[in-house]
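Novice: For reference, this is my_file15.cif, and it has mmCIF, C-alpha atoms.
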data_start
#
loop_
_atom_site.label_atom_id
_atom_site.label_comp_id
_atom_site.auth_asym_id
_atom_site.auth_seq_id
_atom_site.Cartn_x
_atom_site.Cartn_y
_atom_site.Cartn_z
CA MET A 1 -22.65 -24.04 -49.13
CA LYS A 2 -24.04 -22.25 -46.13
CA LYS A 3 -21.67 -21.55 -43.27
CA GLN A 4 -23.95 -23.29 -40.78
CA ASN A 5 -23.53 -26.57 -42.66
CA ALA A 6 -19.78 -26.30 -43.14
CA LEU A 7 -18.68 -28.17 -40.01
CA PRO A 8 -20.86 -31.25 -40.57
CA ALA A 9 -19.79 -31.15 -44.22
CA TYR A 10 -16.08 -31.22 -43.29
CA ILE A 11 -16.68 -34.07 -40.85
CA LEU A 12 -18.66 -36.08 -43.41
CA ILE A 13 -16.04 -35.51 -46.12
CA GLY A 14 -13.25 -36.59 -43.77
CA ILE A 15 -15.05 -39.71 -42.57
CA GLY A 16 -16.05 -40.51 -46.16
CA ILE A 17 -12.42 -40.30 -47.29
CA PHE A 18 -11.44 -42.48 -44.32
CA PHE A 19 -13.89 -45.24 -45.24
CA LEU A 20 -13.10 -44.97 -48.97
CA LEU A 21 -9.40 -45.46 -48.29
CA ARG A 22 -10.29 -48.32 -45.98
CA GLN A 23 -12.31 -49.98 -48.77
CA LEU A 24 -9.43 -49.54 -51.22
CA LYS A 25 -7.09 -51.29 -48.74
CA LEU A 26 -4.01 -49.32 -49.66
CA PRO A 27 -1.09 -51.03 -47.89
CA ILE A 28 0.78 -47.80 -47.11
CA ILE A 29 -1.98 -46.45 -44.84
CA THR A 30 -3.13 -49.60 -43.04
CA ASP A 31 -1.96 -48.16 -39.72
CA PHE A 32 -4.59 -45.46 -40.06
CA TYR A 33 -7.55 -47.86 -40.15
CA SER A 34 -8.38 -47.22 -36.50
CA TRP A 35 -10.71 -45.28 -34.25
CA GLN A 36 -7.88 -42.89 -33.41
CA THR A 37 -7.99 -41.70 -37.01
CA ILE A 38 -11.66 -40.74 -36.58
CA ILE A 39 -10.65 -38.51 -33.64
CA ILE A 40 -7.91 -36.96 -35.80
CA ILE A 41 -10.42 -36.34 -38.61
CA ILE A 42 -12.90 -34.64 -36.27
CA GLY A 43 -10.11 -32.47 -34.82
CA LEU A 44 -8.95 -31.51 -38.30
CA ALA A 45 -12.54 -30.72 -39.33
CA LEU A 46 -12.93 -28.41 -36.34
CA LEU A 47 -9.67 -26.64 -37.14
CA ILE A 48 -10.45 -26.29 -40.85
CA HIS A 49 -13.92 -24.97 -40.03
CA SER A 50 -12.49 -22.46 -37.55
CA TYR A 51 -9.99 -21.07 -40.01
CA THR A 52 -12.23 -21.04 -43.09
CA SER A 53 -15.23 -19.48 -41.34
CA LYS A 54 -13.05 -17.07 -39.32
CA SER A 55 -15.04 -18.15 -36.26
CA TYR A 56 -12.30 -19.25 -33.93
CA HIS A 57 -14.33 -20.74 -31.07
CA ASN A 58 -13.51 -24.31 -32.21
CA LEU A 59 -9.74 -23.84 -32.32
CA PHE A 60 -9.23 -25.12 -28.79
CA SER A 61 -11.42 -28.21 -29.09
CA GLY A 62 -10.08 -29.00 -32.55
CA SER A 63 -6.50 -28.77 -31.32
CA VAL A 64 -7.24 -30.97 -28.31
CA LEU A 65 -8.97 -33.63 -30.41
CA LEU A 66 -6.23 -33.58 -33.03
CA GLY A 67 -3.52 -33.84 -30.38
CA ILE A 68 -5.23 -36.63 -28.45
CA GLY A 69 -5.92 -38.52 -31.68
CA ILE A 70 -2.29 -38.26 -32.79
CA HIS A 71 -1.06 -39.26 -29.35
CA LEU A 72 -3.36 -42.29 -29.09
CA HIS A 73 -2.44 -43.31 -32.63
CA GLY A 74 1.24 -43.02 -31.78
CA ILE A 75 0.87 -45.13 -28.64
CA GLN A 76 -1.01 -47.82 -30.56
CA HIS A 77 1.28 -48.10 -33.59
CA TYR A 78 4.78 -46.86 -32.75
CA ASP A 79 7.14 -48.35 -30.18
CA PHE A 80 9.16 -45.14 -29.81
CA TRP A 81 6.11 -43.03 -28.84
CA ILE A 82 6.18 -41.45 -25.37
CA ASP A 83 3.46 -42.93 -23.16
CA HIS A 84 3.47 -40.50 -20.25
CA TRP A 85 0.51 -38.91 -18.52
CA ALA A 86 2.04 -35.43 -18.88
CA VAL A 87 1.44 -35.57 -22.64
CA TYR A 88 -2.23 -34.74 -22.04
CA PRO A 89 -1.58 -31.42 -20.26
CA LEU A 90 0.99 -30.73 -22.99
CA ILE A 91 -1.72 -31.18 -25.63
CA ILE A 92 -4.02 -28.83 -23.71
CA GLY A 93 -1.21 -26.27 -23.35
CA ILE A 94 -0.52 -26.41 -27.08
CA ALA A 95 -4.26 -26.00 -27.73
CA PHE A 96 -4.24 -22.83 -25.60
CA LEU A 97 -1.30 -21.53 -27.63
CA VAL A 98 -3.02 -22.36 -30.94
CA ARG A 99 -6.13 -20.53 -29.77
CA ARG A 100 -3.94 -17.62 -28.69
CA THR A 101 -2.86 -17.05 -32.28
CA LYS A 102 -6.35 -15.85 -33.23
CA VAL A 103 -8.31 -15.07 -30.06
CA LYS A 104 -5.50 -13.36 -28.09
CA GLN A 105 -6.43 -15.22 -24.90
CA GLY A 106 -4.79 -18.15 -23.16
CA LEU A 107 -1.10 -17.31 -23.39
CA PHE A 108 -0.41 -17.74 -19.67
CA PRO A 109 -2.13 -21.13 -19.18
CA GLY A 110 -0.69 -22.32 -22.48
CA VAL A 111 2.88 -21.48 -21.56
CA ILE A 112 2.53 -22.82 -18.01
CA LEU A 113 0.93 -26.12 -19.06
CA THR A 114 3.41 -26.63 -21.88
CA ALA A 115 6.45 -25.86 -19.74
CA VAL A 116 5.34 -27.96 -16.78
CA SER A 117 4.41 -30.86 -19.05
CA ILE A 118 7.77 -30.82 -20.81
CA LEU A 119 9.50 -30.71 -17.42
CA LEU A 120 7.40 -33.65 -16.19
CA ILE A 121 7.94 -35.72 -19.33
CA PHE A 122 11.69 -35.38 -19.00
CA SER A 123 11.75 -35.42 -15.18
CA VAL A 124 13.30 -38.89 -15.12
CA SER A 125 16.68 -37.36 -15.85
CA LEU A 126 16.70 -34.15 -13.83
CA PRO A 127 20.00 -32.95 -12.34
CA PRO A 128 20.51 -33.50 -8.60
CA TRP A 129 19.92 -29.86 -7.70
CA LEU A 130 16.30 -30.27 -8.91
CA ASP A 131 15.48 -33.22 -6.63
CA TRP A 132 12.73 -31.15 -5.03
CA VAL A 133 10.78 -31.51 -8.30
CA TYR A 134 10.35 -35.24 -7.59
CA GLN A 135 8.69 -34.49 -4.26
CA VAL A 136 6.36 -31.94 -5.86
CA ILE A 137 5.49 -34.42 -8.63
CA ASP A 138 4.80 -37.19 -6.10
CA THR A 139 2.49 -34.88 -4.16
CA LEU A 140 0.71 -33.76 -7.34
CA GLU A 141 0.28 -37.34 -8.53
CA GLN A 142 -1.29 -38.24 -5.20
CA PHE A 143 -3.58 -35.19 -4.87
CA TRP A 144 -4.31 -34.21 -8.50
CA PRO A 145 -8.10 -34.52 -7.98
CA VAL A 146 -7.85 -31.81 -5.31
CA VAL A 147 -6.10 -29.55 -7.84
CA LEU A 148 -8.99 -30.10 -10.29
CA ILE A 149 -11.53 -29.28 -7.57
CA VAL A 150 -9.68 -26.09 -6.62
CA ILE A 151 -9.42 -24.97 -10.25
CA GLY A 152 -13.12 -25.70 -10.76
CA LEU A 153 -14.10 -23.73 -7.66
CA TYR A 154 -11.89 -20.85 -8.76
CA LEU A 155 -13.56 -20.79 -12.18
CA LEU A 156 -17.01 -20.82 -10.58
CA MET A 157 -16.22 -17.96 -8.20
CA LYS A 158 -14.18 -15.86 -10.63
CA ARG A 159 -15.97 -12.78 -11.84
CA LYS A 160 -15.72 -11.71 -15.43
#
Please render this file's structure as structure tokens.
Specialist:
Amino acid sequence: MKKQNALPAYILIGIGIFFLLRQLKLPIITDFYSWQTIIIIIGLALLIHSYTSKSYHNLFSGSVLLGIGIHLHGIQHYDFWIDHWAVYPLIIGIAFLVRRTKVKQGLFPGVILTAVSILLIFSVSLPPWLDWVYQVIDTLEQFWPVVLIVIGLYLLMKRK
């Protein structure tokens, strides 16, 4: 198999296995007959392709798709799953850290996003001396589009 065809091959194999298992109607995996599973399969295919081809440019996108697929699956099927908006920056932070293992870039944004997300997820039960965090969170929740605009402008103006 040529390396240029490996990614579509992994995706087709994964989706083929998904539909085969769906046709077999195995009762133990009925929770996985959903569109979230397709996102998980595509994320896994990107990760497998990145590691097998030693071309690590798909590590970030594969990690994000896998994380979002797992999170959406968890929300849909499990009552105990955390449904908090800070899970999405957590997934992106973890994706930066996964990419860091091979590319050696992204440690700082990965650590920051992961730490802030964990703090925000558990911010409901902060000690009283951290009450200022609630005010910062309220401000961020109100003006988060401005933060995205500022980050975008910074990335446009940043020189390599």
Novice: Please determine, counting all atoms listed in the file, which residue among A:Ile118, A:Leu24, A:Ile149, A:Leu47 has the shortest atom-to-atom distance to A:Tyr10.
Specialist: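 Under the stated criterion, the closest residue is A:Leu47.
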Novice: Could you state the separation of atom CA of A:Ile38 and atom CA of A:Ala9 in Å, given to one decimal place?
Specialist: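 Distance reported for this atom pair: 14.7 Å.
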Novice: A:Gln135, A:Thr30, A:Asn5, A:Thr37: which is nearest A:Gly69, counting only C-alpha atoms?
Specialist: A:Thr37
Novice: So which one's closest to A:Lys102, A:Ser50, A:Ser61, A:Thr139, A:Gln23? Using all atoms listed in the file, please.
Specialist: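 Among the listed residues, A:Ser50 lies closest to A:Lys102.
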Novice: Residue by residue, what does the PyMOL selection byres ((chain A and resi 98) around 12) grab here? Present the result as a PyMOL selection string.
Specialist: chain A and resi 47+50-51+56-64+66-67+91-97+99-107+109-111+114
Novice: Pick out the residues sitting within 8 Å of A:Leu7, and hand them over as a ChimeraX atom specification; count only C-alpha atoms, and ignore anything fewer than 5 positions along from it in its own chain.
Specialist: /A:45-46,49
Novice: Would you pick out the contacts of A:His77 at 12 Å or less, using all atoms listed in the file, so that residues sharing its chain but fewer than 2 positions from it are not included, and give the list as a list of chain:residue names?
Specialist: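 Counting only the stated atoms, we get A:Ile29, A:Thr30, A:Asp31, A:Phe32, A:Tyr33, A:Ser34, A:Gln36, A:Thr37, A:Ile70, A:His71, A:Leu72, A:His73, A:Gly74, A:Ile75, A:Asp79, A:Phe80, A:Trp81, A:Ile82, A:Asp83.
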Novice: Which distance in Å separates atom CA of A:Phe122 and atom CA of A:Tyr134, to one decimal?
Specialist: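 So the two atoms, atom CA of A:Phe122 and atom CA of A:Tyr134, lie 11.5 Å apart.
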Novice: Select stretch 4-151 of chain A in the preceding structure and write C-alpha atoms to a file as a PDB file, in the first residue's frame.
Specialist:
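result_38.pdb, freshly written:
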ATOM      1  CA  GLN A   4      -0.489   8.475   0.071  1.00  0.00           C
ATOM      2  CA  ASN A   5      -3.458   6.089   0.229  1.00  0.00           C
ATOM      3  CA  ALA A   6      -2.977   5.060   3.844  1.00  0.00           C
ATOM      4  CA  LEU A   7      -5.232   7.673   5.466  1.00  0.00           C
ATOM      5  CA  PRO A   8      -8.280   7.021   3.259  1.00  0.00           C
ATOM      6  CA  ALA A   9      -7.627   3.297   3.717  1.00  0.00           C
ATOM      7  CA  TYR A  10      -7.692   3.603   7.528  1.00  0.00           C
ATOM      8  CA  ILE A  11     -10.882   5.666   7.382  1.00  0.00           C
ATOM      9  CA  LEU A  12     -12.578   3.187   5.031  1.00  0.00           C
ATOM     10  CA  ILE A  13     -11.531   0.211   7.169  1.00  0.00           C
ATOM     11  CA  GLY A  14     -12.830   1.907  10.317  1.00  0.00           C
ATOM     12  CA  ILE A  15     -16.155   2.901   8.780  1.00  0.00           C
ATOM     13  CA  GLY A  16     -16.473  -0.562   7.215  1.00  0.00           C
ATOM     14  CA  ILE A  17     -15.972  -2.213  10.607  1.00  0.00           C
ATOM     15  CA  PHE A  18     -18.515   0.217  12.095  1.00  0.00           C
ATOM     16  CA  PHE A  19     -21.200  -0.692   9.563  1.00  0.00           C
ATOM     17  CA  LEU A  20     -20.380  -4.423   9.725  1.00  0.00           C
ATOM     18  CA  LEU A  21     -20.819  -4.422  13.494  1.00  0.00           C
ATOM     19  CA  ARG A  22     -24.012  -2.443  13.032  1.00  0.00           C
ATOM     20  CA  GLN A  23     -25.327  -5.083  10.605  1.00  0.00           C
ATOM     21  CA  LEU A  24     -24.440  -7.872  13.039  1.00  0.00           C
ATOM     22  CA  LYS A  25     -26.438  -6.079  15.779  1.00  0.00           C
ATOM     23  CA  LEU A  26     -24.248  -7.181  18.645  1.00  0.00           C
ATOM     24  CA  PRO A  27     -26.083  -6.167  21.837  1.00  0.00           C
ATOM     25  CA  ILE A  28     -22.930  -5.231  23.758  1.00  0.00           C
ATOM     26  CA  ILE A  29     -22.020  -2.382  21.397  1.00  0.00           C
ATOM     27  CA  THR A  30     -25.429  -0.895  20.590  1.00  0.00           C
ATOM     28  CA  ASP A  31     -24.432   2.367  22.273  1.00  0.00           C
ATOM     29  CA  PHE A  32     -21.814   2.844  19.583  1.00  0.00           C
ATOM     30  CA  TYR A  33     -24.288   2.885  16.679  1.00  0.00           C
ATOM     31  CA  SER A  34     -24.200   6.673  16.449  1.00  0.00           C
ATOM     32  CA  TRP A  35     -22.687   9.522  14.490  1.00  0.00           C
ATOM     33  CA  GLN A  36     -20.334  10.240  17.385  1.00  0.00           C
ATOM     34  CA  THR A  37     -18.655   6.918  16.676  1.00  0.00           C
ATOM     35  CA  ILE A  38     -17.893   8.058  13.118  1.00  0.00           C
ATOM     36  CA  ILE A  39     -16.070  11.097  14.561  1.00  0.00           C
ATOM     37  CA  ILE A  40     -14.135   8.773  16.892  1.00  0.00           C
ATOM     38  CA  ILE A  41     -13.214   6.523  13.949  1.00  0.00           C
ATOM     39  CA  ILE A  42     -11.950   9.450  11.857  1.00  0.00           C
ATOM     40  CA  GLY A  43      -9.914  10.744  14.823  1.00  0.00           C
ATOM     41  CA  LEU A  44      -8.420   7.297  15.383  1.00  0.00           C
ATOM     42  CA  ALA A  45      -7.625   6.977  11.669  1.00  0.00           C
ATOM     43  CA  LEU A  46      -5.784  10.302  11.733  1.00  0.00           C
ATOM     44  CA  LEU A  47      -3.801   9.254  14.804  1.00  0.00           C
ATOM     45  CA  ILE A  48      -2.952   5.809  13.415  1.00  0.00           C
ATOM     46  CA  HIS A  49      -1.893   7.357  10.112  1.00  0.00           C
ATOM     47  CA  SER A  50       0.290   9.921  11.893  1.00  0.00           C
ATOM     48  CA  TYR A  51       2.112   7.317  13.945  1.00  0.00           C
ATOM     49  CA  THR A  52       2.488   4.678  11.228  1.00  0.00           C
ATOM     50  CA  SER A  53       3.678   7.089   8.532  1.00  0.00           C
ATOM     51  CA  LYS A  54       5.851   9.067  10.982  1.00  0.00           C
ATOM     52  CA  SER A  55       4.281  12.217   9.535  1.00  0.00           C
ATOM     53  CA  TYR A  56       2.959  13.893  12.628  1.00  0.00           C
ATOM     54  CA  HIS A  57       1.011  16.791  11.117  1.00  0.00           C
ATOM     55  CA  ASN A  58      -2.331  15.022  11.780  1.00  0.00           C
ATOM     56  CA  LEU A  59      -1.710  14.386  15.479  1.00  0.00           C
ATOM     57  CA  PHE A  60      -3.460  17.563  16.579  1.00  0.00           C
ATOM     58  CA  SER A  61      -6.558  17.170  14.407  1.00  0.00           C
ATOM     59  CA  GLY A  62      -6.799  13.461  15.172  1.00  0.00           C
ATOM     60  CA  SER A  63      -6.612  14.123  18.909  1.00  0.00           C
ATOM     61  CA  VAL A  64      -9.245  16.859  18.698  1.00  0.00           C
ATOM     62  CA  LEU A  65     -11.643  14.693  16.677  1.00  0.00           C
ATOM     63  CA  LEU A  66     -11.114  11.706  18.956  1.00  0.00           C
ATOM     64  CA  GLY A  67     -11.648  13.825  22.065  1.00  0.00           C
ATOM     65  CA  ILE A  68     -14.752  15.569  20.733  1.00  0.00           C
ATOM     66  CA  GLY A  69     -16.186  12.258  19.546  1.00  0.00           C
ATOM     67  CA  ILE A  70     -15.634  10.631  22.938  1.00  0.00           C
ATOM     68  CA  HIS A  71     -17.072  13.650  24.735  1.00  0.00           C
ATOM     69  CA  LEU A  72     -20.187  13.826  22.542  1.00  0.00           C
ATOM     70  CA  HIS A  73     -20.665  10.069  22.891  1.00  0.00           C
ATOM     71  CA  GLY A  74     -20.362  10.360  26.658  1.00  0.00           C
ATOM     72  CA  ILE A  75     -22.906  13.178  26.828  1.00  0.00           C
ATOM     73  CA  GLN A  76     -25.368  11.209  24.700  1.00  0.00           C
ATOM     74  CA  HIS A  77     -25.125   7.848  26.464  1.00  0.00           C
ATOM     75  CA  TYR A  78     -23.894   8.286  30.036  1.00  0.00           C
ATOM     76  CA  ASP A  79     -25.641  10.200  32.807  1.00  0.00           C
ATOM     77  CA  PHE A  80     -22.445  10.711  34.813  1.00  0.00           C
ATOM     78  CA  TRP A  81     -20.604  12.453  31.941  1.00  0.00           C
ATOM     79  CA  ILE A  82     -19.532  16.061  32.556  1.00  0.00           C
ATOM     80  CA  ASP A  83     -21.412  18.431  30.253  1.00  0.00           C
ATOM     81  CA  HIS A  84     -19.418  21.629  30.705  1.00  0.00           C
ATOM     82  CA  TRP A  85     -18.200  24.018  28.043  1.00  0.00           C
ATOM     83  CA  ALA A  86     -14.656  23.934  29.448  1.00  0.00           C
ATOM     84  CA  VAL A  87     -14.275  20.337  28.247  1.00  0.00           C
ATOM     85  CA  TYR A  88     -13.678  21.631  24.705  1.00  0.00           C
ATOM     86  CA  PRO A  89     -10.624  23.750  25.599  1.00  0.00           C
ATOM     87  CA  LEU A  90      -9.463  20.774  27.681  1.00  0.00           C
ATOM     88  CA  ILE A  91      -9.626  18.567  24.585  1.00  0.00           C
ATOM     89  CA  ILE A  92      -7.657  21.144  22.596  1.00  0.00           C
ATOM     90  CA  GLY A  93      -5.079  21.429  25.387  1.00  0.00           C
ATOM     91  CA  ILE A  94      -4.656  17.655  25.468  1.00  0.00           C
ATOM     92  CA  ALA A  95      -4.299  17.676  21.666  1.00  0.00           C
ATOM     93  CA  PHE A  96      -1.467  20.217  21.984  1.00  0.00           C
ATOM     94  CA  LEU A  97       0.218  17.951  24.536  1.00  0.00           C
ATOM     95  CA  VAL A  98      -0.199  14.871  22.316  1.00  0.00           C
ATOM     96  CA  ARG A  99       1.329  16.781  19.410  1.00  0.00           C
ATOM     97  CA  ARG A 100       4.133  17.914  21.714  1.00  0.00           C
ATOM     98  CA  THR A 101       5.246  14.316  22.180  1.00  0.00           C
ATOM     99  CA  LYS A 102       6.447  14.119  18.570  1.00  0.00           C
ATOM    100  CA  VAL A 103       6.694  17.641  17.144  1.00  0.00           C
ATOM    101  CA  LYS A 104       8.204  19.367  20.210  1.00  0.00           C
ATOM    102  CA  GLN A 105       5.877  22.362  19.837  1.00  0.00           C
ATOM    103  CA  GLY A 106       2.799  23.368  21.781  1.00  0.00           C
ATOM    104  CA  LEU A 107       3.795  22.676  25.375  1.00  0.00           C
ATOM    105  CA  PHE A 108       2.870  26.139  26.670  1.00  0.00           C
ATOM    106  CA  PRO A 109      -0.622  26.394  25.097  1.00  0.00           C
ATOM    107  CA  GLY A 110      -1.279  22.767  25.994  1.00  0.00           C
ATOM    108  CA  VAL A 111      -0.445  23.218  29.652  1.00  0.00           C
ATOM    109  CA  ILE A 112      -2.288  26.549  29.909  1.00  0.00           C
ATOM    110  CA  LEU A 113      -5.460  25.292  28.195  1.00  0.00           C
ATOM    111  CA  THR A 114      -5.475  22.073  30.193  1.00  0.00           C
ATOM    112  CA  ALA A 115      -4.902  23.786  33.534  1.00  0.00           C
ATOM    113  CA  VAL A 116      -7.444  26.549  32.943  1.00  0.00           C
ATOM    114  CA  SER A 117     -10.022  24.055  31.696  1.00  0.00           C
ATOM    115  CA  ILE A 118      -9.611  21.813  34.720  1.00  0.00           C
ATOM    116  CA  LEU A 119      -9.920  24.859  36.978  1.00  0.00           C
ATOM    117  CA  LEU A 120     -13.077  25.967  35.146  1.00  0.00           C
ATOM    118  CA  ILE A 121     -14.662  22.515  35.199  1.00  0.00           C
ATOM    119  CA  PHE A 122     -14.234  22.282  38.947  1.00  0.00           C
ATOM    120  CA  SER A 123     -14.814  25.999  39.627  1.00  0.00           C
ATOM    121  CA  VAL A 124     -18.194  25.300  41.216  1.00  0.00           C
ATOM    122  CA  SER A 125     -16.455  24.277  44.413  1.00  0.00           C
ATOM    123  CA  LEU A 126     -13.565  26.713  44.720  1.00  0.00           C
ATOM    124  CA  PRO A 127     -12.466  27.816  48.195  1.00  0.00           C
ATOM    125  CA  PRO A 128     -13.526  31.309  49.317  1.00  0.00           C
ATOM    126  CA  TRP A 129     -10.070  32.809  48.832  1.00  0.00           C
ATOM    127  CA  LEU A 130     -10.435  32.148  45.072  1.00  0.00           C
ATOM    128  CA  ASP A 131     -13.713  34.076  44.678  1.00  0.00           C
ATOM    129  CA  TRP A 132     -11.992  36.374  42.190  1.00  0.00           C
ATOM    130  CA  VAL A 133     -11.956  33.441  39.738  1.00  0.00           C
ATOM    131  CA  TYR A 134     -15.766  33.661  39.485  1.00  0.00           C
ATOM    132  CA  GLN A 135     -15.550  37.288  38.382  1.00  0.00           C
ATOM    133  CA  VAL A 136     -12.892  36.465  35.788  1.00  0.00           C
ATOM    134  CA  ILE A 137     -14.982  33.544  34.508  1.00  0.00           C
ATOM    135  CA  ASP A 138     -18.108  35.715  34.274  1.00  0.00           C
ATOM    136  CA  THR A 139     -16.181  38.317  32.288  1.00  0.00           C
ATOM    137  CA  LEU A 140     -14.684  35.663  29.994  1.00  0.00           C
ATOM    138  CA  GLU A 141     -18.076  34.043  29.426  1.00  0.00           C
ATOM    139  CA  GLN A 142     -19.497  37.414  28.430  1.00  0.00           C
ATOM    140  CA  PHE A 143     -16.612  38.541  26.188  1.00  0.00           C
ATOM    141  CA  TRP A 144     -15.155  35.259  24.855  1.00  0.00           C
ATOM    142  CA  PRO A 145     -15.674  36.326  21.207  1.00  0.00           C
ATOM    143  CA  VAL A 146     -13.364  39.285  21.855  1.00  0.00           C
ATOM    144  CA  VAL A 147     -10.707  36.873  23.139  1.00  0.00           C
ATOM    145  CA  LEU A 148     -11.010  34.858  19.900  1.00  0.00           C
ATOM    146  CA  ILE A 149     -10.676  38.039  17.821  1.00  0.00           C
ATOM    147  CA  VAL A 150      -7.584  39.143  19.759  1.00  0.00           C
ATOM    148  CA  ILE A 151      -5.949  35.714  19.411  1.00  0.00           C
TER     149      ILE A 151
END
